[in-house]
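The data block below is model.tsv; it holds TSV, C-alpha atoms.
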```tsv
chain	number	residue	atom	x	y	z
A	1	MET	CA	93.78	118.31	129.50
A	2	LEU	CA	95.77	120.57	127.14
A	3	ALA	CA	99.21	119.54	128.35
A	4	GLU	CA	98.24	115.87	128.28
A	5	SER	CA	96.94	116.18	124.73
A	6	LEU	CA	100.08	117.93	123.56
A	7	ALA	CA	102.25	115.32	125.24
A	8	LEU	CA	100.30	112.49	123.61
A	9	SER	CA	100.54	114.31	120.28
A	10	ALA	CA	104.31	114.67	120.58
A	11	ALA	CA	104.66	111.02	121.58
A	12	LEU	CA	102.63	109.85	118.58
A	13	PHE	CA	104.68	112.11	116.33
A	14	ALA	CA	107.90	110.65	117.74
A	15	ILE	CA	106.63	107.13	117.11
A	16	GLY	CA	105.81	108.12	113.53
A	17	VAL	CA	109.27	109.61	112.99
A	18	ILE	CA	110.93	106.52	114.41
A	19	GLY	CA	108.85	104.37	112.08
A	20	VAL	CA	109.81	106.46	109.06
A	21	LEU	CA	113.47	106.23	109.95
A	22	THR	CA	113.63	102.54	110.77
A	23	ARG	CA	111.20	100.67	108.55
A	24	ARG	CA	111.97	99.43	105.07
A	25	ASN	CA	108.54	98.71	103.68
A	26	ALA	CA	107.43	101.76	101.70
A	27	ILE	CA	103.78	101.30	102.63
A	28	ILE	CA	104.60	101.17	106.35
A	29	VAL	CA	106.70	104.32	105.98
A	30	PHE	CA	103.74	105.95	104.28
A	31	MET	CA	101.40	104.95	107.11
A	32	CYS	CA	103.86	106.39	109.61
A	33	ILE	CA	103.47	109.72	107.80
A	34	GLU	CA	99.72	109.40	108.29
A	35	LEU	CA	100.33	108.77	111.99
A	36	MET	CA	102.39	111.97	112.17
A	37	LEU	CA	99.59	113.92	110.48
A	38	ASN	CA	97.17	112.50	113.05
A	39	ALA	CA	99.42	113.61	115.88
A	40	VAL	CA	99.44	117.14	114.52
A	41	ASN	CA	95.64	117.00	114.23
A	42	LEU	CA	95.42	116.16	117.91
A	43	SER	CA	97.50	119.24	118.71
A	44	PHE	CA	95.23	121.39	116.58
A	45	VAL	CA	92.08	120.11	118.26
A	46	ALA	CA	93.51	120.48	121.75
A	47	LEU	CA	94.70	124.03	121.06
A	48	SER	CA	91.42	125.01	119.41
A	49	ARG	CA	89.83	124.90	122.85
A	50	GLN	CA	92.09	127.73	123.91
A	51	TYR	CA	92.51	129.71	120.69
A	52	GLY	CA	89.17	129.45	118.88
A	53	MET	CA	87.65	127.34	116.12
A	54	GLY	CA	90.47	127.88	113.63
A	55	GLY	CA	92.24	124.77	114.83
A	56	GLN	CA	89.33	122.52	113.95
A	57	VAL	CA	89.10	124.11	110.51
A	58	MET	CA	92.79	123.37	110.03
A	59	VAL	CA	92.13	119.74	110.90
A	60	ILE	CA	89.67	119.59	107.99
A	61	PHE	CA	92.37	120.95	105.69
A	62	VAL	CA	94.95	118.51	107.01
A	63	MET	CA	92.54	115.63	106.38
A	64	THR	CA	92.03	116.82	102.82
A	65	VAL	CA	95.76	117.01	102.22
A	66	ALA	CA	96.18	113.56	103.79
A	67	ALA	CA	93.56	112.08	101.48
A	68	ALA	CA	95.20	113.65	98.42
A	69	GLU	CA	98.60	112.51	99.62
A	70	ALA	CA	97.35	108.95	100.16
A	71	ALA	CA	95.88	108.81	96.65
A	72	VAL	CA	98.98	110.14	94.90
A	73	GLY	CA	101.48	108.34	97.11
A	74	LEU	CA	99.81	104.97	96.73
A	75	ALA	CA	99.68	105.50	92.97
A	76	ILE	CA	103.43	106.18	93.07
A	77	ILE	CA	103.98	103.04	95.13
A	78	ILE	CA	101.95	101.00	92.65
A	79	SER	CA	103.95	102.29	89.70
A	80	VAL	CA	107.24	101.72	91.55
A	81	PHE	CA	106.10	98.18	92.29
A	82	ARG	CA	105.29	97.65	88.62
A	83	HIS	CA	108.75	98.89	87.74
A	84	GLY	CA	110.78	96.76	90.14
A	85	GLN	CA	108.35	94.20	91.67
A	86	THR	CA	109.24	95.40	95.18
A	87	VAL	CA	108.37	98.08	97.70
A	88	ASP	CA	111.52	97.50	99.73
A	89	LEU	CA	113.21	100.86	100.16
A	90	ARG	CA	116.66	99.26	99.84
A	91	ASN	CA	115.93	98.44	96.21
A	92	ILE	CA	114.48	101.82	95.28
A	93	ASN	CA	117.69	103.75	94.76
A	94	LEU	CA	117.55	104.99	91.19
A	95	LEU	CA	118.53	108.50	92.24
A	96	LYS	CA	121.56	107.36	94.19
A	97	GLY	CA	123.96	107.76	91.29
B	98	MET	CA	93.92	123.42	135.93
B	99	ASP	CA	90.43	122.70	134.79
B	100	ASN	CA	87.68	121.05	136.71
B	101	TYR	CA	87.21	117.85	134.85
B	102	GLY	CA	85.56	114.96	136.59
B	103	LEU	CA	87.45	111.87	137.53
B	104	TRP	CA	85.42	109.85	135.02
B	105	TYR	CA	86.47	112.19	132.21
B	106	GLN	CA	90.10	112.06	133.19
B	107	PHE	CA	90.04	108.30	133.49
B	108	HIS	CA	88.69	107.90	129.99
B	109	PHE	CA	91.04	110.51	128.59
B	110	TYR	CA	94.05	108.67	129.95
B	111	LEU	CA	92.56	105.32	128.92
B	112	PHE	CA	92.10	106.32	125.28
B	113	GLY	CA	95.46	108.07	125.21
B	114	PHE	CA	97.15	104.99	126.61
B	115	ILE	CA	95.46	102.69	124.08
B	116	ALA	CA	96.47	105.08	121.29
B	117	LEU	CA	100.10	105.04	122.39
B	118	ILE	CA	100.24	101.27	122.82
B	119	SER	CA	98.63	100.58	119.46
B	120	ALA	CA	100.90	103.12	117.74
B	121	VAL	CA	103.96	101.35	119.12
B	122	THR	CA	102.49	98.01	118.08
B	123	PHE	CA	101.78	99.43	114.64
B	124	VAL	CA	105.38	100.51	114.10
B	125	THR	CA	106.82	97.19	115.24
B	126	ARG	CA	104.54	94.79	113.33
B	127	ARG	CA	106.11	92.64	110.66
B	128	SER	CA	102.96	92.06	108.63
B	129	PRO	CA	101.64	95.13	106.77
B	130	VAL	CA	98.03	94.06	107.24
B	131	ALA	CA	98.47	93.84	111.01
B	132	ALA	CA	100.12	97.25	110.94
B	133	VAL	CA	97.10	98.73	109.17
B	134	MET	CA	94.77	97.20	111.74
B	135	TRP	CA	96.74	98.64	114.66
B	136	LEU	CA	96.82	102.05	113.00
B	137	VAL	CA	93.03	101.87	112.70
B	138	VAL	CA	92.88	101.25	116.47
B	139	THR	CA	95.04	104.35	117.01
B	140	MET	CA	92.75	106.41	114.83
B	141	PHE	CA	89.62	105.26	116.64
B	142	CYS	CA	91.19	106.24	119.97
B	143	LEU	CA	92.09	109.63	118.52
B	144	ALA	CA	88.48	110.04	117.38
B	145	ALA	CA	87.32	109.37	120.94
B	146	LEU	CA	89.80	111.97	122.19
B	147	TYR	CA	88.51	114.50	119.67
B	148	VAL	CA	84.97	113.98	120.96
B	149	MET	CA	86.20	114.48	124.51
B	150	LEU	CA	87.96	117.68	123.42
B	151	ASP	CA	84.67	119.22	122.16
B	152	ALA	CA	85.37	118.47	118.49
B	153	GLN	CA	82.54	116.06	117.75
B	154	PHE	CA	82.43	116.73	114.02
B	155	ILE	CA	86.18	116.22	113.72
B	156	GLY	CA	85.80	112.93	115.56
B	157	ALA	CA	83.16	111.77	113.09
B	158	MET	CA	85.36	112.86	110.19
B	159	GLN	CA	88.28	110.98	111.71
B	160	VAL	CA	86.30	107.75	111.73
B	161	LEU	CA	84.81	108.30	108.27
B	162	VAL	CA	87.79	109.67	106.37
B	163	TYR	CA	90.83	108.22	108.11
B	164	ALA	CA	89.70	104.90	109.48
B	165	GLY	CA	87.03	104.37	106.85
B	166	ALA	CA	88.56	105.63	103.62
B	167	ILE	CA	92.31	106.15	103.80
B	168	MET	CA	93.10	102.98	105.70
B	169	VAL	CA	90.88	100.95	103.37
B	170	VAL	CA	92.85	102.35	100.44
B	171	PHE	CA	96.06	101.26	102.15
B	172	LEU	CA	94.66	97.77	102.72
B	173	PHE	CA	93.49	97.69	99.14
B	174	VAL	CA	96.94	98.50	97.82
B	175	ILE	CA	98.60	95.96	100.13
B	176	MET	CA	96.26	93.25	98.90
B	177	LEU	CA	96.43	94.41	95.28
B	178	LEU	CA	100.22	94.19	95.24
B	179	ASN	CA	100.10	90.97	97.28
B	180	LEU	CA	102.38	92.32	99.99
B	181	GLY	CA	100.72	90.53	102.87
B	182	GLU	CA	103.57	88.17	103.67
B	183	PRO	CA	105.47	89.52	106.63
B	184	SER	CA	108.83	87.85	106.10
B	185	GLU	CA	110.31	89.62	103.16
B	186	PHE	CA	110.71	93.29	103.94
B	187	ALA	CA	109.65	93.69	107.52
B	188	ASP	CA	113.19	94.11	108.76
B	189	ALA	CA	114.31	97.35	110.23
B	190	ARG	CA	117.09	99.29	108.60
B	191	GLY	CA	120.72	99.27	109.62
B	192	LEU	CA	122.49	100.55	112.68
B	193	TRP	CA	122.81	104.17	111.58
B	194	ALA	CA	119.13	104.57	110.89
B	195	LYS	CA	118.33	103.07	114.28
B	196	LEU	CA	120.76	105.44	116.00
B	197	LEU	CA	119.28	108.40	114.14
B	198	ALA	CA	115.79	107.30	115.13
B	199	ALA	CA	116.87	106.95	118.75
B	200	VAL	CA	118.35	110.46	118.75
B	201	VAL	CA	115.23	111.95	117.19
B	202	GLY	CA	113.00	110.06	119.58
B	203	ILE	CA	114.97	111.19	122.62
B	204	ALA	CA	114.88	114.79	121.39
B	205	LEU	CA	111.12	114.67	120.92
B	206	ILE	CA	110.61	113.09	124.33
B	207	GLY	CA	112.70	115.87	125.84
B	208	GLU	CA	110.39	118.27	124.08
B	209	ILE	CA	107.41	116.56	125.71
B	210	ALA	CA	109.03	117.02	129.11
B	211	LEU	CA	109.62	120.69	128.34
B	212	VAL	CA	106.02	121.27	127.24
B	213	THR	CA	104.49	119.53	130.20
B	214	ARG	CA	106.73	121.38	132.61
B	215	THR	CA	106.36	124.91	131.27
B	216	GLY	CA	102.79	124.63	130.07
B	217	VAL	CA	101.26	126.41	127.11
B	218	PRO	CA	101.55	130.21	127.16
B	219	SER	CA	98.19	131.93	127.25
B	220	GLY	CA	98.76	134.90	125.01
B	221	GLN	CA	96.50	137.70	123.86
B	222	TYR	CA	94.65	135.53	121.35
B	223	THR	CA	93.19	133.24	123.97
B	224	VAL	CA	89.44	132.77	123.84
B	225	PRO	CA	87.28	132.23	126.93
B	226	ARG	CA	87.30	128.77	128.38
B	227	THR	CA	83.75	127.90	127.32
B	228	PHE	CA	84.12	129.35	123.81
B	229	VAL	CA	84.09	126.11	121.86
B	230	THR	CA	81.25	124.57	123.88
B	231	ASP	CA	79.26	127.77	123.42
B	232	GLN	CA	79.82	127.70	119.68
B	233	VAL	CA	78.76	124.07	119.52
B	234	ALA	CA	75.68	124.76	121.64
B	235	ARG	CA	74.76	127.71	119.45
B	236	TYR	CA	75.44	126.50	115.93
B	237	GLY	CA	75.64	122.75	116.36
B	238	ALA	CA	78.70	120.55	116.04
B	239	VAL	CA	78.83	120.90	112.25
B	240	GLY	CA	77.91	124.58	112.12
B	241	ALA	CA	80.58	125.55	114.60
B	242	VAL	CA	83.22	124.23	112.19
B	243	ALA	CA	81.42	125.18	109.00
B	244	ARG	CA	80.93	128.86	109.80
B	245	PRO	CA	84.63	129.78	109.96
B	246	LEU	CA	85.36	127.31	107.15
B	247	TYR	CA	83.07	129.11	104.71
B	248	THR	CA	83.75	132.66	105.90
B	249	ASP	CA	87.24	133.28	107.25
B	250	TYR	CA	88.88	130.37	105.47
B	251	SER	CA	86.90	130.39	102.23
B	252	LEU	CA	89.93	131.12	100.03
B	253	ALA	CA	91.83	128.21	101.52
B	254	PHE	CA	88.74	126.07	101.07
B	255	GLU	CA	88.57	126.90	97.38
B	256	LEU	CA	92.27	126.22	96.96
B	257	THR	CA	91.70	122.83	98.57
B	258	SER	CA	89.41	121.92	95.70
B	259	ILE	CA	92.23	122.67	93.23
B	260	LEU	CA	94.52	120.46	95.31
B	261	LEU	CA	92.02	117.62	95.13
B	262	LEU	CA	91.66	118.05	91.37
B	263	VAL	CA	95.44	117.89	90.92
B	264	ALA	CA	95.60	114.83	93.17
B	265	ILE	CA	92.90	113.06	91.15
B	266	ALA	CA	94.67	113.82	87.89
B	267	GLY	CA	98.02	112.74	89.29
B	268	ALA	CA	96.68	109.50	90.71
B	269	VAL	CA	95.02	108.62	87.42
B	270	MET	CA	98.17	109.41	85.45
B	271	LEU	CA	100.42	107.46	87.77
B	272	GLY	CA	98.12	104.53	88.22
B	273	ARG	CA	97.39	103.66	84.62
B	274	ARG	CA	99.24	100.90	82.93
B	275	GLY	CA	101.71	102.32	80.52
B	276	GLU	CA	101.35	102.63	76.84
B	277	PRO	CA	103.98	105.37	76.63
B	278	ASP	CA	102.75	106.90	73.40
B	279	ALA	CA	99.23	107.21	74.77
B	280	ARG	CA	100.33	109.67	77.43
```
Any chance you could put this one into structure tokens?
Amino acid sequence: MLAESLALSAALFAIGVIGVLTRRNAIIVFMCIELMLNAVNLSFVALSRQYGMGGQVMVIFVMTVAAAEAAVGLAIIISVFRHGQTVDLRNINLLKG
Amino acid sequence: MDNYGLWYQFHFYLFGFIALISAVTFVTRRSPVAAVMWLVVTMFCLAALYVMLDAQFIGAMQVLVYAGAIMVVFLFVIMLLNLGEPSEFADARGLWAKLLAAVVGIALIGEIALVTRTGVPSGQYTVPRTFVTDQVARYGAVGAVARPLYTDYSLAFELTSILLLVAIAGAVMLGRRGEPDAR
């Protein structure tokens, strides 16, 4: 089941990357990042069967980072929305020069 | 490879298939609320796969933290900012972004083909096949994760608490409504 898990993980990661690259809604892009983190978690869990418990511990850390990232990122999205009344990534181009 | 029963394999492929389908549906939805719901389906399927891969505690954490907490925060923000209408910014980006996404997707799918053909190398750090099940049988599903977490990885665990503190402070600073002189 290791190869199947890794293949599923890579497929989910690819779907997440495609979502990040093609969507315009900032919240959807953010959720695609969560999907990519989940794909990596699946790899960790599948490999922890072969390489010891460290993989499952790493999943705990990844979940912590994901929770922190969700809190800060959503706060950023809220303040961007307050600034421009939109979360469309086309309109968020202050750094473009 | 391993001697898994047909029932196990059937459910493994079933949950993996549902996870893939709901992930694709999630990326292509126009409404953000529908996208959140499909992502929750993906996460539940991943939790089932974690349980089947001998990581019961991780599966429970997946349901509690990801599907229960993080996705609810996403839904909360979508409804707070009143972004539920699908029409306005559900469009995909332009041609170049789509081409870039296609190239990246094809490269990653080629990587899948490579992994499944060559297999995973079993190096010198490999543990015995029943290692994880033995750990779970000996220390319990929580203890098997908690023992390395509080011994080998204790420094990283402590640093995680600093990360959470910084995240709390940052979220509070970013989220408050601005009187600029009060900052």
Close residues, segment 197-201 of chain B itself excluded, 12 Å, all atoms listed in the file, min 5 positions apart in chain, as a ChimeraX atom specification: /A:10-11,13-23 /B:189-192,206-208
Include C-alpha atoms and write out the residues we just selected as a CSV table (one decimal), keeping the file's coordinate frame.
```
chain,number,residue,atom,x,y,z
A,10,ALA,CA,104.3,114.7,120.6
A,11,ALA,CA,104.7,111.0,121.6
A,13,PHE,CA,104.7,112.1,116.3
A,14,ALA,CA,107.9,110.6,117.7
A,15,ILE,CA,106.6,107.1,117.1
A,16,GLY,CA,105.8,108.1,113.5
A,17,VAL,CA,109.3,109.6,113.0
A,18,ILE,CA,110.9,106.5,114.4
A,19,GLY,CA,108.8,104.4,112.1
A,20,VAL,CA,109.8,106.5,109.1
A,21,LEU,CA,113.5,106.2,110.0
A,22,THR,CA,113.6,102.5,110.8
A,23,ARG,CA,111.2,100.7,108.6
B,189,ALA,CA,114.3,97.4,110.2
B,190,ARG,CA,117.1,99.3,108.6
B,191,GLY,CA,120.7,99.3,109.6
B,192,LEU,CA,122.5,100.6,112.7
B,206,ILE,CA,110.6,113.1,124.3
B,207,GLY,CA,112.7,115.9,125.8
B,208,GLU,CA,110.4,118.3,124.1
```
Could you list the residues in chain A lying within 7 Å of chain B, using only C-alpha atoms, and format the result as a ChimeraX atom specification? /A:3,7-8,10-12,14-15,18-19,21-25,28,45-46,49-53,56-57,67-68,70-72,75-76,78-79,88
From the list A:Ser5, A:Val59, A:Leu47, A:Glu69, the nearest residue to Ile33 of chain A using only C-alpha atoms is A:Glu69
Provide the atom CA of Asn41 of chain A to atom CA of Ala66 of chain A distance in Å, to one decimal place.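 Between atom CA of Asn41 of chain A and atom CA of Ala66 of chain A the gap is 11.0 Å.
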Any idea what the distance is between atom CA of Leu252 of chain B and atom CA of Gln153 of chain B? 24.4 Å
Starting from the sparse input, extend segment 17-36 of chain A to N, CA and C atoms and give the output as a short mmCIF file (atom, residue, chain, number, x, y, z; two decimals), in the coordinates of the input.
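This went into selection_11.cif:
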```cif
data_model
loop_
_atom_site.label_atom_id
_atom_site.label_comp_id
_atom_site.auth_asym_id
_atom_site.auth_seq_id
_atom_site.Cartn_x
_atom_site.Cartn_y
_atom_site.Cartn_z
N VAL A 17 107.94 109.31 113.52
CA VAL A 17 109.27 109.61 112.99
C VAL A 17 110.17 108.39 113.09
N ILE A 18 110.09 107.71 114.24
CA ILE A 18 110.93 106.52 114.41
C ILE A 18 110.55 105.46 113.37
N GLY A 19 109.26 105.33 113.10
CA GLY A 19 108.85 104.37 112.08
C GLY A 19 109.37 104.73 110.71
N VAL A 20 109.30 106.04 110.36
CA VAL A 20 109.81 106.46 109.06
C VAL A 20 111.29 106.16 108.94
N LEU A 21 112.03 106.38 110.04
CA LEU A 21 113.47 106.23 109.95
C LEU A 21 113.91 104.78 109.98
N THR A 22 113.13 103.90 110.58
CA THR A 22 113.63 102.54 110.77
C THR A 22 113.01 101.50 109.86
N ARG A 23 111.82 101.74 109.33
CA ARG A 23 111.20 100.67 108.55
C ARG A 23 111.66 100.68 107.11
N ARG A 24 111.53 99.54 106.46
CA ARG A 24 111.97 99.43 105.07
C ARG A 24 110.83 99.29 104.10
N ASN A 25 109.70 98.87 104.56
CA ASN A 25 108.54 98.71 103.68
C ASN A 25 107.96 100.09 103.36
N ALA A 26 107.86 100.41 102.08
CA ALA A 26 107.43 101.76 101.70
C ALA A 26 106.01 102.05 102.17
N ILE A 27 105.16 101.05 102.20
CA ILE A 27 103.78 101.30 102.63
C ILE A 27 103.73 101.59 104.12
N ILE A 28 104.56 100.90 104.91
CA ILE A 28 104.60 101.17 106.35
C ILE A 28 105.13 102.58 106.60
N VAL A 29 106.15 102.96 105.84
CA VAL A 29 106.70 104.32 105.98
C VAL A 29 105.61 105.34 105.68
N PHE A 30 104.83 105.06 104.66
CA PHE A 30 103.74 105.95 104.28
C PHE A 30 102.69 106.05 105.38
N MET A 31 102.38 104.92 106.02
CA MET A 31 101.40 104.95 107.11
C MET A 31 101.96 105.67 108.32
N CYS A 32 103.28 105.63 108.51
CA CYS A 32 103.86 106.39 109.61
C CYS A 32 103.68 107.89 109.38
N ILE A 33 103.73 108.31 108.10
CA ILE A 33 103.47 109.72 107.80
C ILE A 33 102.04 110.06 108.17
N GLU A 34 101.11 109.16 107.89
CA GLU A 34 99.72 109.40 108.29
C GLU A 34 99.60 109.52 109.81
N LEU A 35 100.36 108.69 110.53
CA LEU A 35 100.33 108.77 111.99
C LEU A 35 100.84 110.13 112.46
N MET A 36 101.88 110.66 111.79
CA MET A 36 102.39 111.97 112.17
C MET A 36 101.35 113.06 111.90
#
```
